[in-house]
Amino acid sequence: MDPDLLARSLGPLQDALKETLKKGEAERSTVAMVGSAGGGAVKVTLKGDLTISNVVIAPAAAASCAADASMLEDLVAAATNDALRQFRTRFGSSPEEQMQKMFAGGGGSAGSGGMASLLGPLMASLGQR
């Protein structure tokens with residue numbers, strides 16, 4: 001195996017990896033997950049950077065919980081957990097799982113071609129395909 005050829009071949013691979021990471025970040029920055037609880041009485045919007053951007057409480061839910069705030073608190077927590085569950089399902093629950101989903105093309109993430117599409121040109125150029 002020619003070391004110079006290998007070094008030249010890694011440049012495009014590094015560029016492709018950087019591009020895949022940028023696409024994944026861009027997708028996460030534009031996505032919003034809406035979690036709900038109490039049959040939609042409470043809705044929480046979670047942005048891709050894991051910040052809460054909106055909480056909506058139906059007036060009827062607020063009125064019925066006026067005497068017992070803990071019930072409303074439980075609904076907000078359940079709606080938040082629902083939004084977080086949606087995020088973890090789509091992008092992964094740990095950094096490692098997020099990388100796996102991105103490079104495998106799973107979870108609707110940006111790396112739809114998967115790692116094989118990144119390595120294919122490298123392997124072809126090395127004659128090992």
# chains A, B, ... in the order shown; residues from 1 in each chain; ligands from 1
$ select_by_dssp --residues "region 15-84 of chain A" --states "alpha helix (DSSP H)" --output "PDB file with N, CA, C and O atoms, in the first residue's frame"
ATOM      1  N   ASP A  15     -12.958  15.885   4.856  1.00  0.00           N
ATOM      2  CA  ASP A  15     -13.897  16.918   4.417  1.00  0.00           C
ATOM      3  C   ASP A  15     -15.334  16.399   4.473  1.00  0.00           C
ATOM      4  O   ASP A  15     -16.245  17.106   4.908  1.00  0.00           O
ATOM      5  N   ALA A  16     -15.537  15.167   4.048  1.00  0.00           N
ATOM      6  CA  ALA A  16     -16.879  14.583   4.064  1.00  0.00           C
ATOM      7  C   ALA A  16     -17.387  14.407   5.495  1.00  0.00           C
ATOM      8  O   ALA A  16     -18.558  14.653   5.774  1.00  0.00           O
ATOM      9  N   LEU A  17     -16.500  13.999   6.409  1.00  0.00           N
ATOM     10  CA  LEU A  17     -16.892  13.854   7.810  1.00  0.00           C
ATOM     11  C   LEU A  17     -17.283  15.203   8.403  1.00  0.00           C
ATOM     12  O   LEU A  17     -18.291  15.313   9.112  1.00  0.00           O
ATOM     13  N   LYS A  18     -16.506  16.232   8.125  1.00  0.00           N
ATOM     14  CA  LYS A  18     -16.816  17.580   8.626  1.00  0.00           C
ATOM     15  C   LYS A  18     -18.162  18.048   8.083  1.00  0.00           C
ATOM     16  O   LYS A  18     -18.967  18.624   8.812  1.00  0.00           O
ATOM     17  N   GLU A  19     -18.406  17.790   6.807  1.00  0.00           N
ATOM     18  CA  GLU A  19     -19.669  18.198   6.192  1.00  0.00           C
ATOM     19  C   GLU A  19     -20.852  17.463   6.825  1.00  0.00           C
ATOM     20  O   GLU A  19     -21.890  18.055   7.081  1.00  0.00           O
ATOM     21  N   THR A  20     -20.685  16.179   7.090  1.00  0.00           N
ATOM     22  CA  THR A  20     -21.751  15.405   7.732  1.00  0.00           C
ATOM     23  C   THR A  20     -22.052  15.941   9.117  1.00  0.00           C
ATOM     24  O   THR A  20     -23.214  16.075   9.506  1.00  0.00           O
ATOM     25  N   LEU A  21     -21.016  16.281   9.871  1.00  0.00           N
ATOM     26  CA  LEU A  21     -21.211  16.851  11.206  1.00  0.00           C
ATOM     27  C   LEU A  21     -21.923  18.198  11.133  1.00  0.00           C
ATOM     28  O   LEU A  21     -22.826  18.475  11.930  1.00  0.00           O
ATOM     29  N   LYS A  22     -21.543  19.037  10.173  1.00  0.00           N
ATOM     30  CA  LYS A  22     -22.201  20.336  10.013  1.00  0.00           C
ATOM     31  C   LYS A  22     -23.676  20.166   9.673  1.00  0.00           C
ATOM     32  O   LYS A  22     -24.531  20.883  10.193  1.00  0.00           O
ATOM     33  N   LYS A  23     -23.979  19.215   8.791  1.00  0.00           N
ATOM     34  CA  LYS A  23     -25.375  18.971   8.414  1.00  0.00           C
ATOM     35  C   LYS A  23     -26.177  18.496   9.618  1.00  0.00           C
ATOM     36  O   LYS A  23     -27.328  18.891   9.801  1.00  0.00           O
ATOM     37  N   GLY A  24     -25.585  17.628  10.425  1.00  0.00           N
ATOM     38  CA  GLY A  24     -26.269  17.145  11.626  1.00  0.00           C
ATOM     39  C   GLY A  24     -26.561  18.268  12.604  1.00  0.00           C
ATOM     40  O   GLY A  24     -27.654  18.359  13.166  1.00  0.00           O
ATOM     41  N   GLU A  25     -25.593  19.144  12.814  1.00  0.00           N
ATOM     42  CA  GLU A  25     -25.789  20.297  13.692  1.00  0.00           C
ATOM     43  C   GLU A  25     -26.864  21.217  13.137  1.00  0.00           C
ATOM     44  O   GLU A  25     -27.704  21.726  13.883  1.00  0.00           O
ATOM     45  N   ALA A  26     -26.842  21.445  11.841  1.00  0.00           N
ATOM     46  CA  ALA A  26     -27.836  22.320  11.218  1.00  0.00           C
ATOM     47  C   ALA A  26     -29.237  21.740  11.379  1.00  0.00           C
ATOM     48  O   ALA A  26     -30.189  22.472  11.675  1.00  0.00           O
ATOM     49  N   GLU A  27     -29.366  20.433  11.199  1.00  0.00           N
ATOM     50  CA  GLU A  27     -30.683  19.802  11.348  1.00  0.00           C
ATOM     51  C   GLU A  27     -31.178  19.943  12.783  1.00  0.00           C
ATOM     52  O   GLU A  27     -32.328  20.313  13.018  1.00  0.00           O
ATOM     53  N   ARG A  28     -30.312  19.660  13.742  1.00  0.00           N
ATOM     54  CA  ARG A  28     -30.720  19.774  15.143  1.00  0.00           C
ATOM     55  C   ARG A  28     -31.083  21.206  15.509  1.00  0.00           C
ATOM     56  O   ARG A  28     -31.982  21.426  16.313  1.00  0.00           O
ATOM     57  N   SER A  29     -30.410  22.185  14.915  1.00  0.00           N
ATOM     58  CA  SER A  29     -30.693  23.577  15.277  1.00  0.00           C
ATOM     59  C   SER A  29     -32.044  24.048  14.759  1.00  0.00           C
ATOM     60  O   SER A  29     -32.605  25.004  15.283  1.00  0.00           O
ATOM     61  N   THR A  30     -32.588  23.382  13.748  1.00  0.00           N
ATOM     62  CA  THR A  30     -33.865  23.822  13.187  1.00  0.00           C
ATOM     63  C   THR A  30     -35.049  22.985  13.663  1.00  0.00           C
ATOM     64  O   THR A  30     -36.192  23.371  13.431  1.00  0.00           O
ATOM     65  N   PRO A  59     -56.464  26.760  29.079  1.00  0.00           N
ATOM     66  CA  PRO A  59     -57.158  27.451  30.176  1.00  0.00           C
ATOM     67  C   PRO A  59     -57.965  26.506  31.072  1.00  0.00           C
ATOM     68  O   PRO A  59     -57.972  26.673  32.293  1.00  0.00           O
ATOM     69  N   ALA A  60     -58.588  25.500  30.488  1.00  0.00           N
ATOM     70  CA  ALA A  60     -59.372  24.553  31.294  1.00  0.00           C
ATOM     71  C   ALA A  60     -58.470  23.768  32.239  1.00  0.00           C
ATOM     72  O   ALA A  60     -58.846  23.502  33.380  1.00  0.00           O
ATOM     73  N   ALA A  61     -57.261  23.421  31.775  1.00  0.00           N
ATOM     74  CA  ALA A  61     -56.319  22.694  32.632  1.00  0.00           C
ATOM     75  C   ALA A  61     -55.835  23.591  33.761  1.00  0.00           C
ATOM     76  O   ALA A  61     -55.724  23.145  34.908  1.00  0.00           O
ATOM     77  N   ALA A  62     -55.558  24.845  33.459  1.00  0.00           N
ATOM     78  CA  ALA A  62     -55.107  25.773  34.482  1.00  0.00           C
ATOM     79  C   ALA A  62     -56.199  25.984  35.529  1.00  0.00           C
ATOM     80  O   ALA A  62     -55.927  26.004  36.736  1.00  0.00           O
ATOM     81  N   ALA A  63     -57.439  26.107  35.071  1.00  0.00           N
ATOM     82  CA  ALA A  63     -58.558  26.323  35.994  1.00  0.00           C
ATOM     83  C   ALA A  63     -58.791  25.100  36.876  1.00  0.00           C
ATOM     84  O   ALA A  63     -59.028  25.234  38.088  1.00  0.00           O
ATOM     85  N   SER A  64     -58.722  23.909  36.291  1.00  0.00           N
ATOM     86  CA  SER A  64     -58.989  22.704  37.073  1.00  0.00           C
ATOM     87  C   SER A  64     -57.866  22.396  38.057  1.00  0.00           C
ATOM     88  O   SER A  64     -58.084  21.689  39.032  1.00  0.00           O
ATOM     89  N   ALA A  69     -51.602  22.852  42.526  1.00  0.00           N
ATOM     90  CA  ALA A  69     -50.533  23.178  41.582  1.00  0.00           C
ATOM     91  C   ALA A  69     -49.682  21.960  41.242  1.00  0.00           C
ATOM     92  O   ALA A  69     -49.128  21.876  40.150  1.00  0.00           O
ATOM     93  N   SER A  70     -49.590  21.011  42.164  1.00  0.00           N
ATOM     94  CA  SER A  70     -48.741  19.842  41.903  1.00  0.00           C
ATOM     95  C   SER A  70     -49.241  19.035  40.707  1.00  0.00           C
ATOM     96  O   SER A  70     -48.449  18.437  39.985  1.00  0.00           O
ATOM     97  N   MET A  71     -50.543  19.018  40.487  1.00  0.00           N
ATOM     98  CA  MET A  71     -51.081  18.305  39.328  1.00  0.00           C
ATOM     99  C   MET A  71     -50.630  18.971  38.030  1.00  0.00           C
ATOM    100  O   MET A  71     -50.221  18.300  37.074  1.00  0.00           O
ATOM    101  N   LEU A  72     -50.654  20.292  37.988  1.00  0.00           N
ATOM    102  CA  LEU A  72     -50.199  21.027  36.813  1.00  0.00           C
ATOM    103  C   LEU A  72     -48.691  20.855  36.618  1.00  0.00           C
ATOM    104  O   LEU A  72     -48.221  20.688  35.494  1.00  0.00           O
ATOM    105  N   GLU A  73     -47.948  20.861  37.710  1.00  0.00           N
ATOM    106  CA  GLU A  73     -46.502  20.634  37.637  1.00  0.00           C
ATOM    107  C   GLU A  73     -46.199  19.262  37.037  1.00  0.00           C
ATOM    108  O   GLU A  73     -45.287  19.118  36.219  1.00  0.00           O
ATOM    109  N   ASP A  74     -46.973  18.260  37.444  1.00  0.00           N
ATOM    110  CA  ASP A  74     -46.783  16.908  36.902  1.00  0.00           C
ATOM    111  C   ASP A  74     -47.058  16.873  35.399  1.00  0.00           C
ATOM    112  O   ASP A  74     -46.347  16.195  34.650  1.00  0.00           O
ATOM    113  N   LEU A  75     -48.086  17.603  34.951  1.00  0.00           N
ATOM    114  CA  LEU A  75     -48.398  17.647  33.521  1.00  0.00           C
ATOM    115  C   LEU A  75     -47.272  18.313  32.732  1.00  0.00           C
ATOM    116  O   LEU A  75     -46.910  17.854  31.644  1.00  0.00           O
ATOM    117  N   VAL A  76     -46.708  19.402  33.265  1.00  0.00           N
ATOM    118  CA  VAL A  76     -45.595  20.089  32.587  1.00  0.00           C
ATOM    119  C   VAL A  76     -44.381  19.163  32.518  1.00  0.00           C
ATOM    120  O   VAL A  76     -43.725  19.053  31.479  1.00  0.00           O
ATOM    121  N   ALA A  77     -44.091  18.468  33.615  1.00  0.00           N
ATOM    122  CA  ALA A  77     -42.958  17.530  33.620  1.00  0.00           C
ATOM    123  C   ALA A  77     -43.189  16.398  32.617  1.00  0.00           C
ATOM    124  O   ALA A  77     -42.268  16.020  31.875  1.00  0.00           O
ATOM    125  N   ALA A  78     -44.401  15.875  32.555  1.00  0.00           N
ATOM    126  CA  ALA A  78     -44.706  14.782  31.618  1.00  0.00           C
ATOM    127  C   ALA A  78     -44.582  15.252  30.171  1.00  0.00           C
ATOM    128  O   ALA A  78     -44.057  14.527  29.317  1.00  0.00           O
ATOM    129  N   ALA A  79     -45.047  16.458  29.881  1.00  0.00           N
ATOM    130  CA  ALA A  79     -44.933  16.995  28.513  1.00  0.00           C
ATOM    131  C   ALA A  79     -43.474  17.219  28.143  1.00  0.00           C
ATOM    132  O   ALA A  79     -43.056  16.942  27.011  1.00  0.00           O
ATOM    133  N   THR A  80     -42.681  17.708  29.093  1.00  0.00           N
ATOM    134  CA  THR A  80     -41.244  17.912  28.845  1.00  0.00           C
ATOM    135  C   THR A  80     -40.560  16.573  28.585  1.00  0.00           C
ATOM    136  O   THR A  80     -39.761  16.443  27.648  1.00  0.00           O
ATOM    137  N   ASN A  81     -40.883  15.574  29.383  1.00  0.00           N
ATOM    138  CA  ASN A  81     -40.299  14.245  29.188  1.00  0.00           C
ATOM    139  C   ASN A  81     -40.712  13.644  27.851  1.00  0.00           C
ATOM    140  O   ASN A  81     -39.916  12.946  27.206  1.00  0.00           O
ATOM    141  N   ASP A  82     -41.928  13.919  27.414  1.00  0.00           N
ATOM    142  CA  ASP A  82     -42.384  13.437  26.109  1.00  0.00           C
ATOM    143  C   ASP A  82     -41.549  14.060  24.987  1.00  0.00           C
ATOM    144  O   ASP A  82     -41.118  13.369  24.064  1.00  0.00           O
ATOM    145  N   ALA A  83     -41.296  15.355  25.084  1.00  0.00           N
ATOM    146  CA  ALA A  83     -40.471  16.030  24.064  1.00  0.00           C
ATOM    147  C   ALA A  83     -39.038  15.490  24.077  1.00  0.00           C
ATOM    148  O   ALA A  83     -38.440  15.263  23.019  1.00  0.00           O
ATOM    149  N   LEU A  84     -38.488  15.273  25.258  1.00  0.00           N
ATOM    150  CA  LEU A  84     -37.134  14.709  25.361  1.00  0.00           C
ATOM    151  C   LEU A  84     -37.071  13.292  24.789  1.00  0.00           C
ATOM    152  O   LEU A  84     -36.101  12.924  24.127  1.00  0.00           O
TER     153      LEU A  84
END
$ atom_distance --atom1 "CA of Ile57 (chain A)" --atom2 "CA of Phe87 (chain A)"
21.3 Å
$ atom_distance --atom1 "CA of Gly39 (chain A)" --atom2 "CA of Thr89 (chain A)"
21.0 Å
$ residues_around --residues "Thr45 (chain A)" --least-positions-apart "5" --cutoff "8 Å" --atoms "only C-alpha atoms" --output "number ranges by chain"
A: 32-35, 52-55, 80, 83
$ closest_residue --among "A:Thr51, A:Val31, A:Ala67, A:Leu13" --to "Arg90 (chain A)" --atoms "only C-alpha atoms"
A:Val31
$ decode --residues "region 6-54 of chain A" --atoms "N, CA and C atoms" --output "PDB file, in the first residue's frame"
ATOM      1  N   LEU A   6      -2.526   6.930   0.396  1.00  0.00           N
ATOM      2  CA  LEU A   6      -3.413   6.877   1.556  1.00  0.00           C
ATOM      3  C   LEU A   6      -3.582   8.270   2.156  1.00  0.00           C
ATOM      4  N   ALA A   7      -2.503   9.011   2.315  1.00  0.00           N
ATOM      5  CA  ALA A   7      -2.570  10.359   2.890  1.00  0.00           C
ATOM      6  C   ALA A   7      -3.414  11.282   2.012  1.00  0.00           C
ATOM      7  N   ARG A   8      -3.243  11.204   0.688  1.00  0.00           N
ATOM      8  CA  ARG A   8      -4.036  12.036  -0.229  1.00  0.00           C
ATOM      9  C   ARG A   8      -5.509  11.646  -0.184  1.00  0.00           C
ATOM     10  N   SER A   9      -5.780  10.373   0.009  1.00  0.00           N
ATOM     11  CA  SER A   9      -7.159   9.889   0.027  1.00  0.00           C
ATOM     12  C   SER A   9      -7.903  10.299   1.296  1.00  0.00           C
ATOM     13  N   LEU A  10      -7.182  10.512   2.375  1.00  0.00           N
ATOM     14  CA  LEU A  10      -7.836  10.871   3.638  1.00  0.00           C
ATOM     15  C   LEU A  10      -8.375  12.302   3.632  1.00  0.00           C
ATOM     16  N   GLY A  11      -7.820  13.175   2.835  1.00  0.00           N
ATOM     17  CA  GLY A  11      -8.297  14.560   2.770  1.00  0.00           C
ATOM     18  C   GLY A  11      -9.774  14.652   2.435  1.00  0.00           C
ATOM     19  N   PRO A  12     -10.218  14.032   1.343  1.00  0.00           N
ATOM     20  CA  PRO A  12     -11.647  14.066   1.016  1.00  0.00           C
ATOM     21  C   PRO A  12     -12.518  13.398   2.092  1.00  0.00           C
ATOM     22  N   LEU A  13     -12.009  12.359   2.727  1.00  0.00           N
ATOM     23  CA  LEU A  13     -12.763  11.699   3.787  1.00  0.00           C
ATOM     24  C   LEU A  13     -12.961  12.650   4.965  1.00  0.00           C
ATOM     25  N   GLN A  14     -11.911  13.352   5.359  1.00  0.00           N
ATOM     26  CA  GLN A  14     -12.018  14.316   6.457  1.00  0.00           C
ATOM     27  C   GLN A  14     -13.014  15.419   6.097  1.00  0.00           C
ATOM     28  N   ASP A  15     -12.958  15.885   4.856  1.00  0.00           N
ATOM     29  CA  ASP A  15     -13.897  16.918   4.417  1.00  0.00           C
ATOM     30  C   ASP A  15     -15.334  16.399   4.473  1.00  0.00           C
ATOM     31  N   ALA A  16     -15.537  15.167   4.048  1.00  0.00           N
ATOM     32  CA  ALA A  16     -16.879  14.583   4.064  1.00  0.00           C
ATOM     33  C   ALA A  16     -17.387  14.407   5.495  1.00  0.00           C
ATOM     34  N   LEU A  17     -16.500  13.999   6.409  1.00  0.00           N
ATOM     35  CA  LEU A  17     -16.892  13.854   7.810  1.00  0.00           C
ATOM     36  C   LEU A  17     -17.283  15.203   8.403  1.00  0.00           C
ATOM     37  N   LYS A  18     -16.506  16.232   8.125  1.00  0.00           N
ATOM     38  CA  LYS A  18     -16.816  17.580   8.626  1.00  0.00           C
ATOM     39  C   LYS A  18     -18.162  18.048   8.083  1.00  0.00           C
ATOM     40  N   GLU A  19     -18.406  17.790   6.807  1.00  0.00           N
ATOM     41  CA  GLU A  19     -19.669  18.198   6.192  1.00  0.00           C
ATOM     42  C   GLU A  19     -20.852  17.463   6.825  1.00  0.00           C
ATOM     43  N   THR A  20     -20.685  16.179   7.090  1.00  0.00           N
ATOM     44  CA  THR A  20     -21.751  15.405   7.732  1.00  0.00           C
ATOM     45  C   THR A  20     -22.052  15.941   9.117  1.00  0.00           C
ATOM     46  N   LEU A  21     -21.016  16.281   9.871  1.00  0.00           N
ATOM     47  CA  LEU A  21     -21.211  16.851  11.206  1.00  0.00           C
ATOM     48  C   LEU A  21     -21.923  18.198  11.133  1.00  0.00           C
ATOM     49  N   LYS A  22     -21.543  19.037  10.173  1.00  0.00           N
ATOM     50  CA  LYS A  22     -22.201  20.336  10.013  1.00  0.00           C
ATOM     51  C   LYS A  22     -23.676  20.166   9.673  1.00  0.00           C
ATOM     52  N   LYS A  23     -23.979  19.215   8.791  1.00  0.00           N
ATOM     53  CA  LYS A  23     -25.375  18.971   8.414  1.00  0.00           C
ATOM     54  C   LYS A  23     -26.177  18.496   9.618  1.00  0.00           C
ATOM     55  N   GLY A  24     -25.585  17.628  10.425  1.00  0.00           N
ATOM     56  CA  GLY A  24     -26.269  17.145  11.626  1.00  0.00           C
ATOM     57  C   GLY A  24     -26.561  18.268  12.604  1.00  0.00           C
ATOM     58  N   GLU A  25     -25.593  19.144  12.814  1.00  0.00           N
ATOM     59  CA  GLU A  25     -25.789  20.297  13.692  1.00  0.00           C
ATOM     60  C   GLU A  25     -26.864  21.217  13.137  1.00  0.00           C
ATOM     61  N   ALA A  26     -26.842  21.445  11.841  1.00  0.00           N
ATOM     62  CA  ALA A  26     -27.836  22.320  11.218  1.00  0.00           C
ATOM     63  C   ALA A  26     -29.237  21.740  11.379  1.00  0.00           C
ATOM     64  N   GLU A  27     -29.366  20.433  11.199  1.00  0.00           N
ATOM     65  CA  GLU A  27     -30.683  19.802  11.348  1.00  0.00           C
ATOM     66  C   GLU A  27     -31.178  19.943  12.783  1.00  0.00           C
ATOM     67  N   ARG A  28     -30.312  19.660  13.742  1.00  0.00           N
ATOM     68  CA  ARG A  28     -30.720  19.774  15.143  1.00  0.00           C
ATOM     69  C   ARG A  28     -31.083  21.206  15.509  1.00  0.00           C
ATOM     70  N   SER A  29     -30.410  22.185  14.915  1.00  0.00           N
ATOM     71  CA  SER A  29     -30.693  23.577  15.277  1.00  0.00           C
ATOM     72  C   SER A  29     -32.044  24.048  14.759  1.00  0.00           C
ATOM     73  N   THR A  30     -32.588  23.382  13.748  1.00  0.00           N
ATOM     74  CA  THR A  30     -33.865  23.822  13.187  1.00  0.00           C
ATOM     75  C   THR A  30     -35.049  22.985  13.663  1.00  0.00           C
ATOM     76  N   VAL A  31     -34.804  21.883  14.322  1.00  0.00           N
ATOM     77  CA  VAL A  31     -35.880  20.985  14.710  1.00  0.00           C
ATOM     78  C   VAL A  31     -36.508  21.433  16.032  1.00  0.00           C
ATOM     79  N   ALA A  32     -37.778  21.135  16.176  1.00  0.00           N
ATOM     80  CA  ALA A  32     -38.492  21.372  17.434  1.00  0.00           C
ATOM     81  C   ALA A  32     -39.387  20.178  17.704  1.00  0.00           C
ATOM     82  N   MET A  33     -39.326  19.679  18.906  1.00  0.00           N
ATOM     83  CA  MET A  33     -40.165  18.561  19.324  1.00  0.00           C
ATOM     84  C   MET A  33     -41.248  19.116  20.243  1.00  0.00           C
ATOM     85  N   VAL A  34     -42.482  18.727  20.008  1.00  0.00           N
ATOM     86  CA  VAL A  34     -43.586  19.181  20.854  1.00  0.00           C
ATOM     87  C   VAL A  34     -44.080  17.991  21.662  1.00  0.00           C
ATOM     88  N   GLY A  35     -43.853  18.066  22.961  1.00  0.00           N
ATOM     89  CA  GLY A  35     -44.342  17.038  23.867  1.00  0.00           C
ATOM     90  C   GLY A  35     -45.653  17.485  24.473  1.00  0.00           C
ATOM     91  N   SER A  36     -46.503  16.521  24.767  1.00  0.00           N
ATOM     92  CA  SER A  36     -47.791  16.884  25.352  1.00  0.00           C
ATOM     93  C   SER A  36     -48.155  15.927  26.476  1.00  0.00           C
ATOM     94  N   ALA A  37     -49.075  16.387  27.314  1.00  0.00           N
ATOM     95  CA  ALA A  37     -49.575  15.571  28.428  1.00  0.00           C
ATOM     96  C   ALA A  37     -51.012  15.981  28.708  1.00  0.00           C
ATOM     97  N   GLY A  38     -51.706  15.110  29.366  1.00  0.00           N
ATOM     98  CA  GLY A  38     -53.094  15.405  29.708  1.00  0.00           C
ATOM     99  C   GLY A  38     -53.980  15.539  28.495  1.00  0.00           C
ATOM    100  N   GLY A  39     -53.734  14.701  27.493  1.00  0.00           N
ATOM    101  CA  GLY A  39     -54.541  14.765  26.281  1.00  0.00           C
ATOM    102  C   GLY A  39     -54.371  16.061  25.517  1.00  0.00           C
ATOM    103  N   GLY A  40     -53.200  16.656  25.621  1.00  0.00           N
ATOM    104  CA  GLY A  40     -52.922  17.909  24.919  1.00  0.00           C
ATOM    105  C   GLY A  40     -53.213  19.140  25.753  1.00  0.00           C
ATOM    106  N   ALA A  41     -53.568  18.948  27.013  1.00  0.00           N
ATOM    107  CA  ALA A  41     -53.852  20.086  27.892  1.00  0.00           C
ATOM    108  C   ALA A  41     -52.595  20.901  28.165  1.00  0.00           C
ATOM    109  N   VAL A  42     -51.437  20.248  28.148  1.00  0.00           N
ATOM    110  CA  VAL A  42     -50.151  20.926  28.336  1.00  0.00           C
ATOM    111  C   VAL A  42     -49.239  20.510  27.188  1.00  0.00           C
ATOM    112  N   LYS A  43     -48.635  21.503  26.546  1.00  0.00           N
ATOM    113  CA  LYS A  43     -47.689  21.243  25.462  1.00  0.00           C
ATOM    114  C   LYS A  43     -46.397  22.002  25.738  1.00  0.00           C
ATOM    115  N   VAL A  44     -45.283  21.316  25.507  1.00  0.00           N
ATOM    116  CA  VAL A  44     -43.953  21.901  25.706  1.00  0.00           C
ATOM    117  C   VAL A  44     -43.178  21.738  24.407  1.00  0.00           C
ATOM    118  N   THR A  45     -42.582  22.836  23.928  1.00  0.00           N
ATOM    119  CA  THR A  45     -41.773  22.796  22.714  1.00  0.00           C
ATOM    120  C   THR A  45     -40.302  22.799  23.108  1.00  0.00           C
ATOM    121  N   LEU A  46     -39.595  21.773  22.651  1.00  0.00           N
ATOM    122  CA  LEU A  46     -38.179  21.601  22.923  1.00  0.00           C
ATOM    123  C   LEU A  46     -37.411  21.831  21.635  1.00  0.00           C
ATOM    124  N   LYS A  47     -36.461  22.766  21.654  1.00  0.00           N
ATOM    125  CA  LYS A  47     -35.650  23.031  20.470  1.00  0.00           C
ATOM    126  C   LYS A  47     -34.494  22.035  20.401  1.00  0.00           C
ATOM    127  N   GLY A  48     -33.882  21.964  19.240  1.00  0.00           N
ATOM    128  CA  GLY A  48     -32.795  21.024  19.011  1.00  0.00           C
ATOM    129  C   GLY A  48     -31.578  21.234  19.884  1.00  0.00           C
ATOM    130  N   ASP A  49     -31.425  22.440  20.440  1.00  0.00           N
ATOM    131  CA  ASP A  49     -30.309  22.682  21.359  1.00  0.00           C
ATOM    132  C   ASP A  49     -30.695  22.353  22.800  1.00  0.00           C
ATOM    133  N   LEU A  50     -31.818  21.641  22.945  1.00  0.00           N
ATOM    134  CA  LEU A  50     -32.341  21.168  24.230  1.00  0.00           C
ATOM    135  C   LEU A  50     -32.767  22.300  25.166  1.00  0.00           C
ATOM    136  N   THR A  51     -33.285  23.369  24.591  1.00  0.00           N
ATOM    137  CA  THR A  51     -33.887  24.431  25.391  1.00  0.00           C
ATOM    138  C   THR A  51     -35.393  24.427  25.144  1.00  0.00           C
ATOM    139  N   ILE A  52     -36.135  24.804  26.158  1.00  0.00           N
ATOM    140  CA  ILE A  52     -37.586  24.897  26.055  1.00  0.00           C
ATOM    141  C   ILE A  52     -37.918  26.265  25.487  1.00  0.00           C
ATOM    142  N   SER A  53     -38.641  26.288  24.370  1.00  0.00           N
ATOM    143  CA  SER A  53     -38.971  27.563  23.738  1.00  0.00           C
ATOM    144  C   SER A  53     -40.406  27.996  24.002  1.00  0.00           C
ATOM    145  N   ASN A  54     -41.259  27.055  24.431  1.00  0.00           N
ATOM    146  CA  ASN A  54     -42.656  27.413  24.617  1.00  0.00           C
ATOM    147  C   ASN A  54     -43.341  26.403  25.526  1.00  0.00           C
TER     148      ASN A  54
END
